[in-house]
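S.K.: So here's structure20.pdb (PDB, C-alpha atoms).
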```pdb
ATOM      1  CA  MET A  12       7.253  24.693 -33.790
ATOM      2  CA  THR A  13       4.198  23.901 -31.704
ATOM      3  CA  ARG A  14       4.596  20.975 -29.344
ATOM      4  CA  VAL A  15       1.520  18.793 -29.728
ATOM      5  CA  ALA A  16       0.848  15.958 -27.282
ATOM      6  CA  VAL A  17      -1.419  13.230 -28.692
ATOM      7  CA  ILE A  18      -2.729  11.210 -25.746
ATOM      8  CA  VAL A  19      -2.910   7.462 -26.290
ATOM      9  CA  PHE A  20      -5.479   5.520 -24.269
ATOM     10  CA  PRO A  21      -5.936   1.754 -24.433
ATOM     11  CA  GLY A  22      -8.354   1.526 -27.355
ATOM     12  CA  SER A  23      -7.409   4.772 -29.103
ATOM     13  CA  ASN A  24      -7.263   4.077 -32.831
ATOM     14  CA  CYS A  25      -6.972   7.507 -34.476
ATOM     15  CA  ASP A  26      -3.786   8.441 -32.621
ATOM     16  CA  ALA A  27      -1.469   7.703 -35.577
ATOM     17  CA  ASP A  28      -3.617   9.665 -38.063
ATOM     18  CA  THR A  29      -3.832  12.585 -35.629
ATOM     19  CA  LEU A  30      -0.087  12.593 -35.041
ATOM     20  CA  ALA A  31       0.531  12.473 -38.806
ATOM     21  CA  ALA A  32      -1.900  15.347 -39.446
ATOM     22  CA  ALA A  33      -0.219  17.514 -36.797
ATOM     23  CA  ARG A  34       3.241  16.749 -38.189
ATOM     24  CA  GLU A  35       2.028  17.411 -41.727
ATOM     25  CA  ALA A  36       1.007  20.885 -40.520
ATOM     26  CA  GLY A  37       4.533  21.432 -39.202
ATOM     27  CA  SER A  38       4.043  20.666 -35.510
ATOM     28  CA  ASP A  39       6.402  18.762 -33.261
ATOM     29  CA  ALA A  40       3.850  16.091 -32.383
ATOM     30  CA  TYR A  41       4.471  13.161 -30.066
ATOM     31  CA  TYR A  42       2.519  10.500 -28.187
ATOM     32  CA  VAL A  43       1.860  10.602 -24.463
ATOM     33  CA  TRP A  44       0.703   7.342 -22.842
ATOM     34  CA  HIS A  45      -2.397   7.730 -20.682
ATOM     35  CA  ARG A  46      -0.610   6.406 -17.585
ATOM     36  CA  ASP A  47       2.029   9.141 -17.781
ATOM     37  CA  ALA A  48       1.478  12.183 -15.620
ATOM     38  CA  ASP A  49       3.506  14.696 -17.632
ATOM     39  CA  LEU A  50       2.595  16.387 -20.929
ATOM     40  CA  ARG A  51       6.277  17.164 -21.566
ATOM     41  CA  HIS A  52       5.820  20.903 -22.143
ATOM     42  CA  ALA A  53       3.011  20.540 -24.659
ATOM     43  CA  ASP A  54       1.614  23.718 -26.238
ATOM     44  CA  VAL A  55      -1.449  21.841 -27.496
ATOM     45  CA  VAL A  56      -3.072  18.609 -26.299
ATOM     46  CA  ILE A  57      -5.162  16.373 -28.548
ATOM     47  CA  LEU A  58      -7.345  13.513 -27.320
ATOM     48  CA  PRO A  59      -7.776  11.333 -30.420
ATOM     49  CA  GLY A  60     -10.641   9.142 -31.558
ATOM     50  CA  GLY A  61     -11.123   5.481 -30.843
ATOM     51  CA  PHE A  62     -12.757   3.293 -28.230
ATOM     52  CA  SER A  63     -10.908   3.908 -24.986
ATOM     53  CA  TYR A  64     -11.571   1.052 -22.560
ATOM     54  CA  GLY A  65     -13.841  -0.547 -25.141
ATOM     55  CA  ASP A  66     -16.475   2.131 -24.461
ATOM     56  CA  TYR A  67     -17.339   0.117 -21.322
ATOM     57  CA  LEU A  68     -19.880   1.728 -18.993
ATOM     58  CA  ARG A  69     -20.112   4.837 -21.229
ATOM     59  CA  SER A  70     -17.831   6.174 -23.961
ATOM     60  CA  GLY A  71     -15.012   8.048 -22.240
ATOM     61  CA  ALA A  72     -16.257   7.311 -18.709
ATOM     62  CA  ILE A  73     -13.218   5.311 -17.626
ATOM     63  CA  ALA A  74     -10.570   7.118 -19.684
ATOM     64  CA  ARG A  75     -11.364  10.378 -17.927
ATOM     65  CA  PHE A  76      -9.781   8.943 -14.751
ATOM     66  CA  SER A  77      -6.494   8.055 -16.489
ATOM     67  CA  PRO A  78      -3.474   9.571 -14.712
ATOM     68  CA  ILE A  79      -2.696  11.937 -17.621
ATOM     69  CA  MET A  80      -6.118  13.592 -17.311
ATOM     70  CA  SER A  81      -5.014  15.618 -14.259
ATOM     71  CA  ALA A  82      -2.294  17.189 -16.393
ATOM     72  CA  VAL A  83      -4.768  17.743 -19.254
ATOM     73  CA  ALA A  84      -7.188  19.476 -16.864
ATOM     74  CA  ALA A  85      -4.368  21.656 -15.475
ATOM     75  CA  HIS A  86      -3.262  22.553 -19.029
ATOM     76  CA  ALA A  87      -6.877  23.465 -19.867
ATOM     77  CA  ARG A  88      -7.279  25.547 -16.691
ATOM     78  CA  ALA A  89      -4.120  27.460 -17.587
ATOM     79  CA  GLY A  90      -5.715  28.352 -20.944
ATOM     80  CA  GLY A  91      -3.782  25.806 -23.011
ATOM     81  CA  PRO A  92      -5.521  24.584 -26.172
ATOM     82  CA  VAL A  93      -7.101  21.106 -25.935
ATOM     83  CA  LEU A  94      -8.846  19.368 -28.819
ATOM     84  CA  GLY A  95     -10.962  16.244 -28.379
ATOM     85  CA  ILE A  96     -11.879  14.371 -31.538
ATOM     86  CA  CYS A  97     -14.724  11.831 -31.420
ATOM     87  CA  ASN A  98     -13.834   9.622 -28.432
ATOM     88  CA  GLY A  99     -11.657  12.526 -27.262
ATOM     89  CA  PHE A 100     -14.772  14.746 -27.298
ATOM     90  CA  GLN A 101     -16.617  12.095 -25.261
ATOM     91  CA  ILE A 102     -13.758  11.990 -22.733
ATOM     92  CA  LEU A 103     -13.711  15.814 -22.383
ATOM     93  CA  CYS A 104     -17.467  15.801 -21.683
ATOM     94  CA  GLU A 105     -17.147  12.979 -19.156
ATOM     95  CA  ALA A 106     -14.301  14.886 -17.490
ATOM     96  CA  GLY A 107     -16.471  17.986 -17.195
ATOM     97  CA  LEU A 108     -14.054  20.030 -19.312
ATOM     98  CA  LEU A 109     -16.865  20.515 -21.844
ATOM     99  CA  PRO A 110     -20.602  20.751 -21.130
ATOM    100  CA  GLY A 111     -23.059  18.074 -22.216
ATOM    101  CA  GLY A 112     -22.661  14.421 -23.059
ATOM    102  CA  LEU A 113     -22.723  12.037 -26.022
ATOM    103  CA  MET A 114     -25.346   9.335 -26.327
ATOM    104  CA  ARG A 115     -26.227   6.527 -28.733
ATOM    105  CA  ASN A 116     -26.996   7.737 -32.288
ATOM    106  CA  ALA A 117     -30.706   8.410 -32.688
ATOM    107  CA  ARG A 118     -31.045   5.671 -35.301
ATOM    108  CA  LEU A 119     -28.737   3.330 -33.333
ATOM    109  CA  LYS A 120     -26.492   2.461 -36.270
ATOM    110  CA  PHE A 121     -22.743   3.008 -36.112
ATOM    111  CA  LEU A 122     -22.065   5.539 -38.872
ATOM    112  CA  SER A 123     -18.832   5.701 -40.862
ATOM    113  CA  ARG A 124     -19.299   8.089 -43.754
ATOM    114  CA  PRO A 125     -18.723  11.692 -44.820
ATOM    115  CA  ALA A 126     -20.664  14.409 -43.013
ATOM    116  CA  TRP A 127     -20.935  18.126 -43.644
ATOM    117  CA  VAL A 128     -20.383  20.672 -40.936
ATOM    118  CA  ARG A 129     -20.508  24.445 -40.956
ATOM    119  CA  VAL A 130     -17.887  26.434 -39.082
ATOM    120  CA  GLU A 131     -20.000  28.502 -36.656
ATOM    121  CA  THR A 132     -17.192  30.379 -34.959
ATOM    122  CA  THR A 133     -13.591  31.158 -35.790
ATOM    123  CA  GLY A 134     -12.919  32.215 -32.205
ATOM    124  CA  THR A 135     -11.102  29.046 -31.099
ATOM    125  CA  PRO A 136      -7.471  27.906 -31.446
ATOM    126  CA  PHE A 137      -8.588  25.238 -33.929
ATOM    127  CA  THR A 138     -10.960  27.147 -36.224
ATOM    128  CA  CYS A 139      -9.137  30.480 -36.499
ATOM    129  CA  LEU A 140      -7.934  29.746 -40.068
ATOM    130  CA  TYR A 141     -11.443  29.082 -41.385
ATOM    131  CA  ASP A 142     -14.087  31.619 -42.297
ATOM    132  CA  GLN A 143     -17.338  31.605 -40.404
ATOM    133  CA  GLY A 144     -19.908  29.788 -42.520
ATOM    134  CA  ASP A 145     -17.387  27.550 -44.301
ATOM    135  CA  VAL A 146     -18.975  24.170 -44.984
ATOM    136  CA  LEU A 147     -16.532  21.293 -44.579
ATOM    137  CA  GLU A 148     -16.781  17.687 -45.656
ATOM    138  CA  ILE A 149     -15.313  15.647 -42.826
ATOM    139  CA  PRO A 150     -15.951  11.971 -42.098
ATOM    140  CA  ILE A 151     -17.751  10.724 -39.020
ATOM    141  CA  ALA A 152     -17.191   7.301 -37.446
ATOM    142  CA  HIS A 153     -19.259   6.920 -34.306
ATOM    143  CA  GLY A 154     -22.014   4.996 -32.574
ATOM    144  CA  ASP A 155     -22.360   7.376 -29.617
ATOM    145  CA  GLY A 156     -22.331  10.740 -31.374
ATOM    146  CA  ARG A 157     -25.586  12.331 -30.294
ATOM    147  CA  TYR A 158     -24.565  15.437 -28.389
ATOM    148  CA  VAL A 159     -27.107  16.215 -25.678
ATOM    149  CA  VAL A 160     -27.258  19.138 -23.340
ATOM    150  CA  ASP A 161     -30.122  20.647 -21.359
ATOM    151  CA  GLU A 162     -32.059  23.490 -22.984
ATOM    152  CA  ARG A 163     -30.671  26.159 -20.702
ATOM    153  CA  THR A 164     -27.056  25.195 -21.420
ATOM    154  CA  ALA A 165     -27.816  24.884 -25.140
ATOM    155  CA  ALA A 166     -29.192  28.428 -25.172
ATOM    156  CA  GLU A 167     -26.141  29.605 -23.251
ATOM    157  CA  LEU A 168     -23.817  27.894 -25.761
ATOM    158  CA  GLU A 169     -25.607  29.652 -28.635
ATOM    159  CA  ALA A 170     -25.627  33.028 -26.895
ATOM    160  CA  SER A 171     -21.927  32.878 -26.064
ATOM    161  CA  ASP A 172     -20.930  31.684 -29.561
ATOM    162  CA  ARG A 173     -19.682  28.350 -28.265
ATOM    163  CA  VAL A 174     -21.243  26.077 -30.887
ATOM    164  CA  VAL A 175     -18.128  25.588 -33.010
ATOM    165  CA  TRP A 176     -19.403  23.272 -35.765
ATOM    166  CA  ARG A 177     -22.958  22.369 -36.762
ATOM    167  CA  TYR A 178     -24.131  19.588 -39.081
ATOM    168  CA  VAL A 179     -25.663  20.813 -42.308
ATOM    169  CA  ARG A 180     -27.570  18.911 -45.040
ATOM    170  CA  ASP A 181     -28.470  16.237 -42.483
ATOM    171  CA  ASN A 182     -27.914  15.537 -38.824
ATOM    172  CA  PRO A 183     -26.455  12.026 -38.719
ATOM    173  CA  ASN A 184     -26.956  11.288 -35.026
ATOM    174  CA  GLY A 185     -29.852  13.446 -33.800
ATOM    175  CA  SER A 186     -27.698  15.813 -31.732
ATOM    176  CA  THR A 187     -29.234  18.788 -29.925
ATOM    177  CA  ARG A 188     -29.511  21.756 -32.309
ATOM    178  CA  ASP A 189     -27.439  19.858 -34.930
ATOM    179  CA  ILE A 190     -24.318  20.434 -32.838
ATOM    180  CA  ALA A 191     -21.158  18.700 -34.094
ATOM    181  CA  GLY A 192     -18.645  20.492 -31.871
ATOM    182  CA  VAL A 193     -18.502  22.928 -28.950
ATOM    183  CA  CYS A 194     -15.963  24.799 -26.855
ATOM    184  CA  ASN A 195     -15.701  25.716 -23.178
ATOM    185  CA  ALA A 196     -16.249  29.199 -21.745
ATOM    186  CA  GLY A 197     -12.526  29.949 -22.038
ATOM    187  CA  ARG A 198     -12.709  28.908 -25.742
ATOM    188  CA  ASN A 199      -9.469  26.908 -25.409
ATOM    189  CA  VAL A 200     -11.056  23.463 -24.967
ATOM    190  CA  VAL A 201     -12.795  22.234 -28.118
ATOM    191  CA  GLY A 202     -14.586  18.980 -28.953
ATOM    192  CA  ILE A 203     -15.639  17.724 -32.377
ATOM    193  CA  MET A 204     -17.403  14.492 -33.364
ATOM    194  CA  PRO A 205     -16.190  14.272 -37.026
ATOM    195  CA  HIS A 206     -12.559  13.440 -37.816
ATOM    196  CA  PRO A 207     -10.592  16.379 -39.323
ATOM    197  CA  GLU A 208      -7.411  14.249 -39.274
ATOM    198  CA  ARG A 209      -9.007  12.036 -41.938
ATOM    199  CA  ARG A 210      -9.347  14.913 -44.416
ATOM    200  CA  ASN A 211      -6.017  16.699 -44.419
ATOM    201  CA  ALA A 212      -4.703  15.807 -47.903
ATOM    202  CA  PRO A 213      -6.171  15.378 -51.395
ATOM    203  CA  ILE A 214      -5.125  11.722 -51.416
ATOM    204  CA  LEU A 215      -7.529  11.167 -48.502
ATOM    205  CA  GLY A 216     -10.410  12.549 -50.527
ATOM    206  CA  GLY A 217     -10.099  16.161 -49.437
ATOM    207  CA  GLN A 218      -8.365  18.527 -47.084
ATOM    208  CA  ASP A 219     -11.233  20.322 -45.389
ATOM    209  CA  GLY A 220      -9.877  19.263 -41.991
ATOM    210  CA  ALA A 221      -6.279  20.405 -42.530
ATOM    211  CA  ARG A 222      -6.722  23.926 -41.197
ATOM    212  CA  VAL A 223      -7.633  22.560 -37.758
ATOM    213  CA  PHE A 224      -3.994  21.450 -37.547
ATOM    214  CA  HIS A 225      -2.450  24.385 -39.435
ATOM    215  CA  ALA A 226      -4.229  26.672 -36.956
ATOM    216  CA  MET A 227      -2.137  25.286 -34.090
ATOM    217  CA  GLU A 228       1.054  26.156 -35.932
ATOM    218  CA  ALA A 229      -0.189  29.569 -37.084
ATOM    219  CA  ARG A 230      -1.122  30.570 -33.543
ATOM    220  CA  HIS A 231       2.221  29.431 -32.261
ATOM    221  CA  ALA A 232       4.053  31.422 -34.963
ATOM    222  CA  THR A 233       2.161  34.562 -33.950
ATOM    223  CA  GLN A 234       2.953  33.923 -30.309
ATOM    224  CA  HIS A 235       6.584  33.347 -31.157
ATOM    225  CA  ALA A 236       6.811  36.598 -33.144
ATOM    226  CA  VAL A 237       5.533  38.461 -30.082
ATOM    227  CA  ASP A 238       8.125  36.728 -27.903
ATOM    228  CA  VAL A 239      10.937  37.689 -30.284
ATOM    229  CA  ARG A 240       9.875  41.338 -30.281
ATOM    230  CA  ALA A 241       9.771  41.312 -26.502
ATOM    231  CA  VAL A 242      13.254  39.871 -26.339
ATOM    232  CA  GLY A 243      14.508  42.373 -28.936
ATOM    233  CA  ASP A 244      12.948  45.203 -26.960
ATOM    234  CA  ARG A 245      14.681  44.187 -23.772
ATOM    235  CA  HIS A 246      17.917  43.797 -25.661
ATOM    236  CA  LEU A 247      17.626  47.378 -26.921
ATOM    237  CA  ARG A 248      17.015  48.706 -23.456
ATOM    238  CA  VAL A 249      20.077  46.929 -22.143
TER     239      VAL A 249
ATOM    240  CA  MET B  28     -18.055  -4.612   9.044
ATOM    241  CA  SER B  29     -20.710  -6.341   6.964
ATOM    242  CA  ARG B  30     -21.071  -7.279   3.364
ATOM    243  CA  TYR B  31     -23.781  -5.600   1.369
ATOM    244  CA  ARG B  32     -25.072  -6.129  -2.106
ATOM    245  CA  VAL B  33     -25.860  -2.858  -3.838
ATOM    246  CA  GLN B  34     -28.079  -2.886  -6.886
ATOM    247  CA  VAL B  35     -27.672   0.145  -9.099
ATOM    248  CA  ARG B  36     -30.219   0.949 -11.751
ATOM    249  CA  VAL B  37     -29.046   3.515 -14.287
ATOM    250  CA  MET B  38     -31.620   4.867 -16.743
ATOM    251  CA  PRO B  39     -31.392   7.416 -19.528
ATOM    252  CA  ARG B  40     -32.988  10.709 -18.491
ATOM    253  CA  ALA B  41     -36.733  10.551 -19.079
ATOM    254  CA  ALA B  42     -36.682  13.667 -21.263
ATOM    255  CA  LEU B  43     -34.003  12.303 -23.597
ATOM    256  CA  LEU B  44     -34.517  10.158 -26.659
ATOM    257  CA  ASP B  45     -33.852   6.487 -25.910
ATOM    258  CA  PRO B  46     -33.375   4.838 -29.317
ATOM    259  CA  GLN B  47     -32.636   1.432 -27.781
ATOM    260  CA  GLY B  48     -35.922   1.526 -25.900
ATOM    261  CA  GLN B  49     -37.747   2.531 -29.075
ATOM    262  CA  ALA B  50     -36.182  -0.331 -31.050
ATOM    263  CA  VAL B  51     -37.233  -2.845 -28.395
ATOM    264  CA  GLU B  52     -40.711  -1.318 -28.286
ATOM    265  CA  HIS B  53     -41.070  -1.702 -32.066
ATOM    266  CA  ALA B  54     -39.849  -5.305 -31.890
ATOM    267  CA  LEU B  55     -42.409  -6.114 -29.181
ATOM    268  CA  HIS B  56     -45.166  -4.548 -31.277
ATOM    269  CA  ALA B  57     -44.018  -6.572 -34.276
ATOM    270  CA  LEU B  58     -44.347  -9.730 -32.156
ATOM    271  CA  GLY B  59     -47.933  -8.834 -31.406
ATOM    272  CA  PHE B  60     -47.488  -7.340 -27.939
ATOM    273  CA  GLY B  61     -49.694  -4.395 -28.776
ATOM    274  CA  GLU B  62     -50.330  -3.749 -25.084
ATOM    275  CA  VAL B  63     -46.767  -2.475 -24.607
ATOM    276  CA  GLY B  64     -46.519   1.274 -24.251
ATOM    277  CA  ARG B  65     -43.213   2.993 -23.818
ATOM    278  CA  VAL B  66     -40.046   0.915 -23.398
ATOM    279  CA  ARG B  67     -36.798   2.276 -22.031
ATOM    280  CA  VAL B  68     -33.466   0.492 -21.750
ATOM    281  CA  GLY B  69     -30.978   1.144 -18.965
ATOM    282  CA  LYS B  70     -28.255  -0.665 -17.058
ATOM    283  CA  HIS B  71     -28.246  -2.758 -13.927
ATOM    284  CA  LEU B  72     -25.046  -3.044 -11.896
ATOM    285  CA  VAL B  73     -24.597  -5.242  -8.852
ATOM    286  CA  LEU B  74     -21.807  -4.331  -6.428
ATOM    287  CA  GLU B  75     -20.513  -6.234  -3.398
ATOM    288  CA  VAL B  76     -19.559  -3.621  -0.816
ATOM    289  CA  THR B  77     -18.071  -3.832   2.680
ATOM    290  CA  ALA B  78     -19.388  -1.197   5.088
ATOM    291  CA  ALA B  79     -20.135  -0.683   8.775
ATOM    292  CA  THR B  80     -23.815   0.020   8.272
ATOM    293  CA  HIS B  81     -26.531  -0.120   5.687
ATOM    294  CA  GLU B  82     -26.453   3.697   5.497
ATOM    295  CA  GLU B  83     -22.707   3.732   4.930
ATOM    296  CA  ALA B  84     -23.044   1.197   2.089
ATOM    297  CA  MET B  85     -25.717   3.412   0.566
ATOM    298  CA  ALA B  86     -23.561   6.531   0.903
ATOM    299  CA  GLN B  87     -20.571   4.792  -0.680
ATOM    300  CA  ALA B  88     -22.676   3.608  -3.595
ATOM    301  CA  ARG B  89     -24.084   7.093  -4.084
ATOM    302  CA  THR B  90     -20.563   8.524  -4.287
ATOM    303  CA  MET B  91     -19.623   5.830  -6.826
ATOM    304  CA  CYS B  92     -22.641   6.716  -8.951
ATOM    305  CA  ASP B  93     -21.923  10.440  -8.814
ATOM    306  CA  ARG B  94     -18.282   9.958  -9.766
ATOM    307  CA  LEU B  95     -18.400   7.122 -12.280
ATOM    308  CA  LEU B  96     -21.399   4.859 -12.617
ATOM    309  CA  ALA B  97     -23.916   7.400 -13.924
ATOM    310  CA  ASN B  98     -23.493  10.515 -16.031
ATOM    311  CA  PRO B  99     -25.490  13.344 -14.410
ATOM    312  CA  VAL B 100     -26.035  14.997 -17.803
ATOM    313  CA  THR B 101     -27.679  12.035 -19.468
ATOM    314  CA  GLU B 102     -28.700   9.525 -16.803
ATOM    315  CA  ASP B 103     -30.551   9.056 -13.498
ATOM    316  CA  TYR B 104     -29.866   6.272 -11.030
ATOM    317  CA  GLU B 105     -31.618   4.422  -8.209
ATOM    318  CA  LEU B 106     -30.014   2.339  -5.481
ATOM    319  CA  ALA B 107     -31.143  -0.624  -3.434
ATOM    320  CA  VAL B 108     -28.961  -2.059  -0.669
ATOM    321  CA  GLU B 109     -29.378  -5.486   0.943
ATOM    322  CA  THR B 110     -27.291  -7.470   3.422
ATOM    323  CA  THR B 111     -25.613 -10.562   2.000
ATOM    324  CA  ARG B 112     -25.870 -13.703   4.166
TER     325      ARG B 112
END
```
Starting from the file, give its structure as structure tokens.

M.R.:
Amino acid sequence: MTRVAVIVFPGSNCDADTLAAAREAGSDAYYVWHRDADLRHADVVILPGGFSYGDYLRSGAIARFSPIMSAVAAHARAGGPVLGICNGFQILCEAGLLPGGLMRNARLKFLSRPAWVRVETTGTPFTCLYDQGDVLEIPIAHGDGRYVVDERTAAELEASDRVVWRYVRDNPNGSTRDIAGVCNAGRNVVGIMPHPERRNAPILGGQDGARVFHAMEARHATQHAVDVRAVGDRHLRV
Amino acid sequence: MSRYRVQVRVMPRAALLDPQGQAVEHALHALGFGEVGRVRVGKHLVLEVTAATHEEAMAQARTMCDRLLANPVTEDYELAVETTR
């Protein structure tokens, strides 16, 4: 069972949905309050959506200095998977764990509606159960969703296969190169603007987002199988 | 130690789309202010700072901007420091 820490900031409002989606996929998911300093042996960390600190100053600008963020950064540096959804994506950018930043939607309006994204790479801990090119219907709910990054970094992201999801049909917020999600150079830190936790069961209108959460469990199972073999091997030698 | 008032002007990067500025520009045009060219919207912060010198107040404010008040990816900032009283 993967241990999934869902970080709760003051103003997070997708924490319960995210926790439920992770549990639905079989993970041992639990909340970690932003003032804590310990991730309690998390395998995966998720920064959920919402409006941490009321989006004051800039979305995610104040949350990135929460005490728990040192532990999140250390987890990320050690190669641990980190997923930022919506406000979580904004926080990861503000923290410098992902390149770029998120600005006001090009047409200013707060958008809460379905969007369509194409899976551009399966080489992350959260997209490994999809096929490249899969088009997913996943809702967006953001006012500051326009991903911006300078041209050089954008070209670098493309060249190194680090654009993870891209809007198709239409680009709701005017993001650079229709980007909806990216990952870091180590591929373990991933940010996405749409909300996969809101599409993980037919009763929610679809389950295109479910594999983001199943992927965490699948990876852990593979890891665990390797561990068991290693233990068995040592046992044989003894 | 003296008290200084630091004015921080944070603006969206010139090269980036500023939809707020555009909306204000359109509203001004609609009101008949055809002479208005480009409008951009930023933020103005006023900080009361204690420091030994004007330069130190400036340096402190610059550090604050680099760490928190402005996002180097999306924004530029300008500082003005004045003595209070």

S.K.: Using Å and a single decimal, report how far CA of Ala212 in chain A sits from CA of Ile151 in chain A.

M.R.: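 Separation of CA of Ile151 in chain A and CA of Ala212 in chain A: 16.6 Å.
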
S.K.: Hey, which bits of chain A sit within 8 Å of chain B, and for each residue what's the closest pair of atoms and how far apart in Å (one decimal), counting only C-alpha atoms, rows by chain and increasing number, as CSV?

M.R.:
```
residue,atom,partner,partner_atom,distance
A:Leu68,CA,B:Leu96,CA,7.3
A:Ala72,CA,B:Leu95,CA,6.8
A:Ile73,CA,B:Leu95,CA,7.7
A:Glu105,CA,B:Asn98,CA,7.5
A:Gly111,CA,B:Val100,CA,6.1
A:Gly112,CA,B:Val100,CA,6.3
A:Met114,CA,B:Thr101,CA,7.7
A:Arg115,CA,B:Pro46,CA,7.4
A:Asn116,CA,B:Pro46,CA,7.6
A:Ala117,CA,B:Pro46,CA,5.6
A:Arg118,CA,B:Pro46,CA,6.5
A:Leu119,CA,B:Pro46,CA,6.3
A:Val159,CA,B:Thr101,CA,7.5
A:Val160,CA,B:Val100,CA,7.0
A:Asp161,CA,B:Val100,CA,7.8
```

S.K.: Take the residues from that selection and write them out as a CSV table (one decimal), keeping the file's coordinate frame, keeping C-alpha atoms.

M.R.:
```
chain,number,residue,atom,x,y,z
A,68,LEU,CA,-19.9,1.7,-19.0
A,72,ALA,CA,-16.3,7.3,-18.7
A,73,ILE,CA,-13.2,5.3,-17.6
A,105,GLU,CA,-17.1,13.0,-19.2
A,111,GLY,CA,-23.1,18.1,-22.2
A,112,GLY,CA,-22.7,14.4,-23.1
A,114,MET,CA,-25.3,9.3,-26.3
A,115,ARG,CA,-26.2,6.5,-28.7
A,116,ASN,CA,-27.0,7.7,-32.3
A,117,ALA,CA,-30.7,8.4,-32.7
A,118,ARG,CA,-31.0,5.7,-35.3
A,119,LEU,CA,-28.7,3.3,-33.3
A,159,VAL,CA,-27.1,16.2,-25.7
A,160,VAL,CA,-27.3,19.1,-23.3
A,161,ASP,CA,-30.1,20.6,-21.4
```

S.K.: Could you list the residues chosen by the PyMOL selection byres ((chain A and resi 63) around 8) in this structure as a list in words?

M.R.: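 Residues picked by the PyMOL selection byres ((chain A and resi 63) around 8): Phe20, Pro21, Gly22, Ser23, Gly61, Phe62, Tyr64, Gly65, Asp66, Ser70, Gly71, Ile73, Ala74 and Asn98 of chain A.
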
S.K.: If you apply the PyMOL selection byres ((chain B and resi 75) around 6) to this file, what residues do you get, as a list in words?

M.R.: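 After applying the PyMOL selection byres ((chain B and resi 75) around 6), what remains is Tyr31, Arg32, Leu74 and Val76 of chain B.
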
S.K.: Can you turn the PyMOL selection byres ((chain A and resi 78-83) around 8) into a concrete residue list for this file, as a PyMOL selection string?

M.R.: chain A and resi 44-50+56+75-77+84-87+93

S.K.: Export, as a PDB file, in the frame of the given file, the selected residues with C-alpha atoms.

M.R.:
```pdb
ATOM      1  CA  TRP A  44       0.703   7.342 -22.842  1.00  0.00           C
ATOM      2  CA  HIS A  45      -2.397   7.730 -20.682  1.00  0.00           C
ATOM      3  CA  ARG A  46      -0.610   6.406 -17.585  1.00  0.00           C
ATOM      4  CA  ASP A  47       2.029   9.141 -17.781  1.00  0.00           C
ATOM      5  CA  ALA A  48       1.478  12.183 -15.620  1.00  0.00           C
ATOM      6  CA  ASP A  49       3.506  14.696 -17.632  1.00  0.00           C
ATOM      7  CA  LEU A  50       2.595  16.387 -20.929  1.00  0.00           C
ATOM      8  CA  VAL A  56      -3.072  18.609 -26.299  1.00  0.00           C
ATOM      9  CA  ARG A  75     -11.364  10.378 -17.927  1.00  0.00           C
ATOM     10  CA  PHE A  76      -9.781   8.943 -14.751  1.00  0.00           C
ATOM     11  CA  SER A  77      -6.494   8.055 -16.489  1.00  0.00           C
ATOM     12  CA  ALA A  84      -7.188  19.476 -16.864  1.00  0.00           C
ATOM     13  CA  ALA A  85      -4.368  21.656 -15.475  1.00  0.00           C
ATOM     14  CA  HIS A  86      -3.262  22.553 -19.029  1.00  0.00           C
ATOM     15  CA  ALA A  87      -6.877  23.465 -19.867  1.00  0.00           C
ATOM     16  CA  VAL A  93      -7.101  21.106 -25.935  1.00  0.00           C
TER      17      VAL A  93
END
```

S.K.: Just the number, please: distance in Å from CA of Phe137 in chain A to CA of Val201 in chain A, one decimal.

M.R.: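 According to the coordinates, CA of Phe137 in chain A and CA of Val201 in chain A are separated by 7.8 Å.
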
S.K.: Just to confirm, what's the straight-line distance from CA of Ser171 in chain A to CA of Arg188 in chain A in Å (one decimal)?

M.R.: 14.8 Å

S.K.: Got a sec: who's within 12 Å of Thr110 in chain B, counting all atoms listed in the file, leaving out chain neighbours fewer than 3 positions off, as a PDB file with C-alpha atoms, in the coordinates of the input?

M.R.:
```pdb
ATOM      1  CA  MET B  28     -18.055  -4.612   9.044  1.00  0.00           C
ATOM      2  CA  SER B  29     -20.710  -6.341   6.964  1.00  0.00           C
ATOM      3  CA  ARG B  30     -21.071  -7.279   3.364  1.00  0.00           C
ATOM      4  CA  TYR B  31     -23.781  -5.600   1.369  1.00  0.00           C
ATOM      5  CA  ARG B  32     -25.072  -6.129  -2.106  1.00  0.00           C
ATOM      6  CA  VAL B  33     -25.860  -2.858  -3.838  1.00  0.00           C
ATOM      7  CA  GLN B  34     -28.079  -2.886  -6.886  1.00  0.00           C
ATOM      8  CA  LEU B  74     -21.807  -4.331  -6.428  1.00  0.00           C
ATOM      9  CA  GLU B  75     -20.513  -6.234  -3.398  1.00  0.00           C
ATOM     10  CA  VAL B  76     -19.559  -3.621  -0.816  1.00  0.00           C
ATOM     11  CA  THR B  77     -18.071  -3.832   2.680  1.00  0.00           C
ATOM     12  CA  ALA B  78     -19.388  -1.197   5.088  1.00  0.00           C
ATOM     13  CA  ALA B  79     -20.135  -0.683   8.775  1.00  0.00           C
ATOM     14  CA  THR B  80     -23.815   0.020   8.272  1.00  0.00           C
ATOM     15  CA  HIS B  81     -26.531  -0.120   5.687  1.00  0.00           C
ATOM     16  CA  GLU B  82     -26.453   3.697   5.497  1.00  0.00           C
ATOM     17  CA  ALA B  84     -23.044   1.197   2.089  1.00  0.00           C
ATOM     18  CA  MET B  85     -25.717   3.412   0.566  1.00  0.00           C
ATOM     19  CA  ALA B 107     -31.143  -0.624  -3.434  1.00  0.00           C
TER      20      ALA B 107
END
```

S.K.: Would you mind listing what lies within 9 Å of Ala226 in chain A as a PyMOL selection string, with all atoms listed in the file counted and same-chain residues fewer than 2 positions away left out?

M.R.: chain A and resi 36+136-141+221-224+228-231
